[in-house]
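I have placed the structure first, in the form of structure tokens, so that the comments after it can refer back to it.
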Amino acid sequence: MSNGQARMKFYCDTTRCIECFACSVACSEAHELPVGISRRKVVTMHEGIPGKEYSISIACMHCTDAPCEQVCPVDCFYIREDGIVLHDKNKCIGCGYCLYACPFGAPQFPRDGAFGTKGAMDKCTMCAGGPEETNSARERHLYGHNRIAEGKVPICAAVCATNALLVGDAEEVSTIYRKRVSSRGKGA
Amino acid sequence: MTNHFGDVVGHSKVIFIIGANSAAANPIGMKHFLQAKDRNNAQLIVVDPVFTKTAAKADHFLRIRTGTDVALVYGLMHVIFKNGWEDKEFIKTRVYGMDEIKAEAMKWTPELTADVTGIPAEQIVQIATILAKTKPATVVWALGITQHSTGTSNTRILPILQLVLGNMGKNGGGCNIIRGHDNVQGSTDMCCLADSLSGYYGLAEGSWKYFAKSWGVDYEWLKGRFAAPEWMQAKGFSLAKWWQGVLQEETTYSSSPVRALWVQGNGITSMSQQVKIQEALDKLDLVVLVDPFVNEAAVLTNRKDDMYLLPAATQFETEGSVTATNRTSQWRSKVVDPLYESKTDHDIMFLFAERFGFYDEYTRAMKMAVKDRELQPVKEEFVWPDDACREIARTIKTIGLGGWTPERLRKHQENWHMFDPLTLEGKGPMKGEYYGLPWPSWDENHPGSPVLYDVNTPVTAGGMGFRNRFGLEHDGVSQLADPSVSVKDSKIAGGYPEITKDNIEQVLGITLTAAEKEKMGANWKVDLSGIINEKCLAAGVAPYGNARARVKVWQFPDPIPKHREPIHSSRPDLVERFPSYDDQKNNFRVDVKFVSEQKAQEWVKDFPTMLVSMRVVNLSGAGMLERTSKYLSHLTPEMFANIHPDLALQYGLRDGDMMWLHAPQGTKIRVKAQYSLTVTPDRIALPYNFAGVMQGVDLSDNYPEGTKPYTIGESSNTITNYGFDIITQIPEYNAGLCRIEKA
Amino acid sequence: MIEKMRDKMTPRIGRRSFLKMAAVGAGVGAAASLPLGRSLRAATAAEVKEPFPGSKRVKTICSICSAGCGMIAEVQNGVWVRQDVAQDHPISEGSHCCKGIDQIDLIKSKQRLKFPMKKENGQWKRIGWDQAVDEISGKMLALRKENGPDMAMFLGSAKFNLQQAYYFRKFAAMWGTNNIDHVARI
Ligand code: SF4
Ligand code: SF4
Ligand code: SF4
């Protein structure tokens, strides 16, 4: 970041991720998500093929020029100064444009009006809650815990079984990863 | 585990994982292996019949045919011996019986090994070379090694490999066996087992006498509790075949048939021979199931009466210590009071001890302590779990639990941030101690032993030689370590025997007072006075001796491990050459079939596909616990089998089709075929964590209202083939055959 | 230098530095008052609102597998309200697998067995502890009278804590049988 502004990013080191689902279950459990809503998913590619198989954990990537934000007809998204992409469930009309725009399939649409707002989109908040009063019962009910406000790491990265899932300022994350790779003496 | 996870991260250059899928079974163990890769550039070698999530991270993956582990290790040793790569000094000074191992290994050429194991000869040579040239290497295993009719041989051949390589007693080396449940190490150490008293004391008269004394009860009273004195010293029925005590189809040897089953926290749906277990459950006079959830034994049986479910509290509703896989003891604090009407397991035991008329004897030792070198009553009331913890600490000498006082264990928990994850060494107030006092922690001042058999560390700082357990000599050869092998800072140079009342003065070169002699127990294992321990530690001596590791167990049917084909082998041609054992009479009170079953017919003709059991990360054990979590159960919503598309197509099975799997003993299960390239077309892999469906029959109606988990399914153990280890009687889960049929 | 690199490579350190970067709540501008994470600063105590006022954090150990991961349970008025990671635990350093991080759900699960039950004429029936203990002990002692103590088979647990495991072994011994075993056998 040239302007010195930290931007919070996730990175999943696929040489580490073992598809243990801790991140995904931790997220669902912490935010009491209904079954079927997965803010964070773990997938394995080329399963069973030696040398090719890898697993990766995916959620909202909190994109710099978030496509979801750009397509939303009611302007429910807002981007914090630290780069976390959030949205207002009270504004959301559940149209699904964001899902089409998102390259990662992050937005989720509960069928049964969970969280009290019927049809409103749900996605990873980077454990930073939403526009309601910080750590209020209402914020927790609509968006889950606000760990960031408590000074805590998002639960998925905090719990990651293998430290595959990294979160933090984009530059710090890439430093950790680069150091890991260089000591391994291979890869790029 | 001889070492610990942090030690692997800190030092291991090779991690040889065989028969363990840490990524699924023990992800935090796996994290350490991956860290070792990143930090030490450690090479990860994974041997498994299936391409597991652990294998996916390996530098070298060896796809082994089930039940051929002994052959593989001999094949590796063949290459090592042939090139003179063994650690000659280590073998000469610290090992007994290696010549016979070498002679056996010389038979296992890479070609023969390749034929038996299915692993290419070049890969065997390559791996042997890596192991010989890259030190230290650690060897890791789990149930894939133990669950075989040759399980005992499997668990012996791997430490032997480490002895050949000189990797024992070293940082980054050792045998790091990954145990299963949270306190399976502790429950094993406490020997909730049919063949031993707590602390591996066995069942001999001397052991019973020691325990009678430690419990503060009269030995004659204790003896009188048994059917007859001989039954006190006879192994009981085992978990693997207790049901024969009920059904008595195979010859049994006991003073009574089994008529009542009392299960406290044991998922018996994770055992083999589910159909037999069902029959036995139906036939019993009384079934008592104590568990926080409905033990699925209650669902398996169709009995109508005389079955009770008692709600136990979970481990978060009580307090006590748990022993991790690395022998570390951790204090687990109570989070909340027992929920609903549940009671803690010990309270339930106390309730019934009272009704059975032995409550006073049962709890007496908690009101006693060693004072003036003698165990005596010291108070009127006991405090749970503190006094039980103290009782264990003063009683269990064999594995050195003397240091595990409740005060120390609590302090370690409070200060867990003061310990280094890589070395387990404490800092600040915890300086000089290792986290959780990994046993042996010989006394209240001993720091614990993070790396077993390390002679380069003083005994008082966690060092030691190998245990002297099997006499001073065998076939005229001394069993003690060579004179050149002295434990650091020990007053005695070279090997020494285990310390007894008779030899202590001579071995340690001390003179005891008359009072000391009077109070001292016969040997270090039964010395409640603590004098032997004290004198030994003062001299830098491990009470259990400094001996040689024996690679030959002269009392076993196979004194050195031998490859023997699984009972239900996929290679009848090899059965002729490597047959199983002769049938066994009276092990754990029941006969066991080996070669007669193996050769009863050419099984592979009717059952052409190898059956492999596997773990999924979201379920453990019988899965009852996790299947009650909506999130965890959602990850595997139903029972399935991983099957290679080529094999599936032979039976006209499309991805997701249902199929029947038939086992040699005439049982079957109906499961979903899930296409997967993790298996080859000669084998299928099944998770073993389901229950609630039996041979196609949904048992949902047998759950009490509101207790049915989110997912139920066929138990793979219904079709686990007949077969048991010759020593431990562990069932042969991991080598068997089946026949596929489209459902 | 090498040592420094190691530190950087330790993701634990990475996480700690993130912890320090603790961002303040939504909408509040990130004033660069502390040189912690460039534009981020530590949240003040007032800003970090306690979601569960008065709760205490209990250190405990995962009850699933023998890796022995540390856990933090937040308890408010005797109720386990939230599970958190134990970042400073020497074995797990904050990590869990999916089973471990879901311990709170398992313990509070709806499907828990809530009271003693017995099966009678093929029907499950709720009973009280007194009745359960009376009936079971009566039956056990009657069978013992007929066949002696080896008529019972006791299966213990790898989920006992150490003290309970020891006491279960003692229980079988004082009942008078070696018919006792547990899953270490498999
Ligand atoms: S950051 Fe929080 S909300 Fe986002 S995936 Fe992780 S746990 Fe879920
Ligand atoms: S917790 Fe970590 S290792 Fe496990 S699935 Fe998620 S990213 Fe992968
Ligand atoms: S969190 Fe997972 S790896 Fe850690 S102890 Fe629990 S079950 Fe084992």
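Here, A, B, ... name the chains of the structure tokens in the order displayed, residue numbers run from 1 inside each chain, and ligands are numbered from 1 in the same displayed order.
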
Taking only C-alpha atoms into account and nothing else, which residues of chain A lie no more than 7 Å away from chain C? Please answer as a PyMOL selection string. chain A and resi 4-6+20-22+25-26+29+80+131+134-135+148-153+158-161+163+168+176+179-180

Go ahead and save the residues from that selection, with N, CA and C atoms, as a tab-separated table (two decimals), in the first residue's frame.
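Saved as result-v1.tsv:
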chain	number	residue	atom	x	y	z
A	4	GLY	N	0.15	3.88	2.73
A	4	GLY	CA	0.35	3.52	4.12
A	4	GLY	C	-0.92	3.03	4.80
A	5	GLN	N	-1.99	2.90	4.06
A	5	GLN	CA	-3.24	2.43	4.61
A	5	GLN	C	-3.25	0.89	4.64
A	6	ALA	N	-3.48	0.30	5.82
A	6	ALA	CA	-3.54	-1.15	5.89
A	6	ALA	C	-4.81	-1.65	5.21
A	20	CYS	N	-9.69	-29.54	6.71
A	20	CYS	CA	-10.19	-30.03	8.00
A	20	CYS	C	-11.49	-29.35	8.41
A	21	PHE	N	-11.88	-28.32	7.71
A	21	PHE	CA	-13.15	-27.62	7.94
A	21	PHE	C	-13.24	-26.86	9.26
A	22	ALA	N	-12.12	-26.73	9.96
A	22	ALA	CA	-12.18	-26.00	11.23
A	22	ALA	C	-12.63	-24.57	10.97
A	25	VAL	N	-16.46	-24.51	10.10
A	25	VAL	CA	-17.32	-24.83	11.24
A	25	VAL	C	-17.20	-23.75	12.31
A	26	ALA	N	-16.00	-23.24	12.50
A	26	ALA	CA	-15.80	-22.18	13.50
A	26	ALA	C	-16.66	-20.98	13.15
A	29	GLU	N	-20.37	-21.80	13.68
A	29	GLU	CA	-20.66	-21.94	15.11
A	29	GLU	C	-20.65	-20.57	15.78
A	80	ARG	N	-14.99	-0.42	4.84
A	80	ARG	CA	-14.30	0.26	5.93
A	80	ARG	C	-12.94	0.76	5.49
A	131	PRO	N	-23.44	-2.57	10.48
A	131	PRO	CA	-23.66	-1.16	10.80
A	131	PRO	C	-24.36	-0.91	12.13
A	134	THR	N	-21.92	-1.43	17.80
A	134	THR	CA	-20.89	-2.45	17.97
A	134	THR	C	-21.17	-3.35	19.17
A	135	ASN	N	-21.11	-4.65	18.89
A	135	ASN	CA	-21.30	-5.68	19.93
A	135	ASN	C	-22.64	-5.60	20.64
A	148	ILE	N	-13.50	-8.22	15.64
A	148	ILE	CA	-12.54	-7.16	15.33
A	148	ILE	C	-12.64	-6.05	16.38
A	149	ALA	N	-13.88	-5.73	16.76
A	149	ALA	CA	-14.07	-4.68	17.76
A	149	ALA	C	-13.51	-5.09	19.11
A	150	GLU	N	-13.44	-6.39	19.34
A	150	GLU	CA	-12.88	-6.87	20.60
A	150	GLU	C	-11.36	-6.98	20.53
A	151	GLY	N	-10.80	-6.64	19.38
A	151	GLY	CA	-9.36	-6.74	19.24
A	151	GLY	C	-8.91	-8.16	18.95
A	152	LYS	N	-9.79	-8.95	18.37
A	152	LYS	CA	-9.45	-10.35	18.12
A	152	LYS	C	-9.36	-10.63	16.62
A	153	VAL	N	-8.61	-11.66	16.31
A	153	VAL	CA	-8.48	-12.11	14.93
A	153	VAL	C	-9.79	-12.77	14.52
A	158	ALA	N	-8.02	-17.52	13.20
A	158	ALA	CA	-7.48	-17.79	14.53
A	158	ALA	C	-7.44	-19.29	14.78
A	159	VAL	N	-8.42	-20.01	14.29
A	159	VAL	CA	-8.55	-21.42	14.63
A	159	VAL	C	-7.84	-22.34	13.64
A	160	CYS	N	-7.50	-21.82	12.48
A	160	CYS	CA	-7.01	-22.69	11.40
A	160	CYS	C	-6.04	-23.73	11.93
A	161	ALA	N	-6.34	-25.00	11.63
A	161	ALA	CA	-5.61	-26.11	12.20
A	161	ALA	C	-4.13	-26.07	11.83
A	163	ASN	N	-2.50	-23.24	10.31
A	163	ASN	CA	-2.06	-21.89	10.00
A	163	ASN	C	-1.97	-21.66	8.49
A	168	GLY	N	-4.87	-10.46	7.76
A	168	GLY	CA	-4.19	-9.28	8.29
A	168	GLY	C	-3.92	-8.31	7.17
A	176	ILE	N	4.69	-13.18	5.49
A	176	ILE	CA	4.69	-14.49	6.16
A	176	ILE	C	4.76	-15.60	5.12
A	179	LYS	N	8.18	-15.90	3.31
A	179	LYS	CA	9.21	-16.48	4.17
A	179	LYS	C	9.03	-18.00	4.27
A	180	ARG	N	7.79	-18.42	4.38
A	180	ARG	CA	7.49	-19.84	4.45
A	180	ARG	C	8.02	-20.56	3.21

Show me which residues are within 6 Å of ligand 3 counting only C-alpha atoms and all ligand atoms, and format the list as a PyMOL selection string. (chain B and resi 26-28) or (chain C and resi 62+64-69+96-97+99-100)

Should the cut-off be 7 Å, what would the residue list for chain B against chain A look like, counting only C-alpha atoms, as a ChimeraX atom specification? /B:23-24,27-28,31,34,37-39,41,51,53,56,617,630-631,676-678

Neighbours of segment 185-195 of chain B within 6 Å (only C-alpha atoms; same-chain residues fewer than 4 positions away dropped), as a compact mmCIF listing (two decimals) with N, CA and C atoms, in the first residue's frame?
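Wrote it out as part-v1.txt, contents follow:
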# COMPACT_ATOMS: atom_id res chain seq x y z
N GLY B 199 -1.30 -48.86 35.52
CA GLY B 199 0.15 -48.67 35.45
C GLY B 199 0.89 -49.87 34.88
N LYS B 235 -6.54 -63.11 32.68
CA LYS B 235 -7.07 -62.01 31.88
C LYS B 235 -8.57 -62.17 31.71
N GLY B 236 -9.30 -61.08 31.69
CA GLY B 236 -10.74 -61.13 31.48
C GLY B 236 -11.07 -61.15 29.99
N SER B 238 -12.03 -59.45 26.52
CA SER B 238 -11.59 -58.17 25.98
C SER B 238 -12.74 -57.48 25.26
N THR B 323 -4.25 -37.11 29.71
CA THR B 323 -2.90 -37.36 29.22
C THR B 323 -2.92 -37.28 27.70
N ALA C 158 -12.12 -44.01 27.01
CA ALA C 158 -10.96 -43.17 26.79
C ALA C 158 -11.35 -41.71 26.94
N LEU C 162 -8.16 -38.90 33.88
CA LEU C 162 -7.23 -39.89 34.43
C LEU C 162 -7.76 -40.47 35.75
N ALA C 165 -10.56 -42.84 35.17
CA ALA C 165 -10.08 -44.09 34.56
C ALA C 165 -9.51 -45.01 35.63
N TYR C 166 -8.73 -44.43 36.52
CA TYR C 166 -8.15 -45.21 37.62
C TYR C 166 -9.26 -45.78 38.50
N ARG C 169 -11.05 -48.75 36.89
CA ARG C 169 -10.30 -50.01 37.02
C ARG C 169 -10.46 -50.57 38.42
N ASN C 178 -11.89 -59.36 36.14
CA ASN C 178 -10.99 -58.73 35.17
C ASN C 178 -11.69 -58.49 33.83
N ASN C 179 -12.99 -58.71 33.81
CA ASN C 179 -13.76 -58.41 32.60
C ASN C 179 -13.94 -56.89 32.50
N ILE C 180 -12.88 -56.24 32.15
CA ILE C 180 -12.90 -54.79 32.03
C ILE C 180 -12.00 -54.42 30.87
N ASP C 181 -12.46 -53.50 30.04
CA ASP C 181 -11.65 -53.13 28.88
C ASP C 181 -12.13 -51.77 28.37
N HIS C 182 -11.41 -51.24 27.43
CA HIS C 182 -11.87 -50.00 26.80
C HIS C 182 -11.23 -49.87 25.42

Output the neighbourhood of ligand 1 as number ranges by chain, that is, all protein and nucleic acid residues with some atom at most 9 Å from the ligand, counting only C-alpha atoms and all ligand atoms. A: 10, 23-31, 38-41, 58-61, 123-129, 143-147, 153-158, 167

Within 12 Å of Leu131 of chain B using only C-alpha atoms, minus same-chain residues under 6 positions, as a list in words: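 Close residues of Leu131 of chain B: Ser12, Lys13, Val14, Ile15, Phe16, Ala42, Gln43, Leu44, Ile45, Val73, Leu76, Met77, Val79, Ile80, Trp85, Glu86, Asp87, Ile124, Val125, Ala137, Thr138, Val139, Leu161, Gln162, Val164, Leu165, Gly166, Asn167 and Gly173 of chain B.
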
Can you pull out the residues contacting Ala142 of chain C? Cut-off 12 Å, using only C-alpha atoms, and skip same-chain residues under 5 positions away; I want them as a PyMOL selection string. (chain B and resi 259-260+285-286+356) or (chain C and resi 135-137+147-149+151-152)

Nearest-residue call for Ala73 of chain C, choices B:Glu317, B:Asp558, B:Asp489, B:Asp360, using only C-alpha atoms: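 Answer, going by the shortest atom-to-atom distance: B:Glu317.
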
If you measure from atom CA of Asp337 of chain B to atom CA of Gly265 of chain B, what distance in Å do you get, rounded to one decimal? 18.7 Å

Set the distance at 10 Å and use only C-alpha atoms: which residues neighbour segment 380-394 of chain B once local chain neighbours fewer than 4 positions away are removed? I'd like the list as a PyMOL selection string. (chain B and resi 190+198-199+214-215+318-321+346-347+363-370+375+400-407+409+441-444+527-530) or (chain C and resi 161-164+166-167)

Any chance you could list, as a PyMOL selection string, the residues in segment 5-186 of chain A that come up alpha helix (DSSP H) when DSSP is run on the backbone? chain A and resi 22-30+67-71+97-101+137-143+155-159+170-184
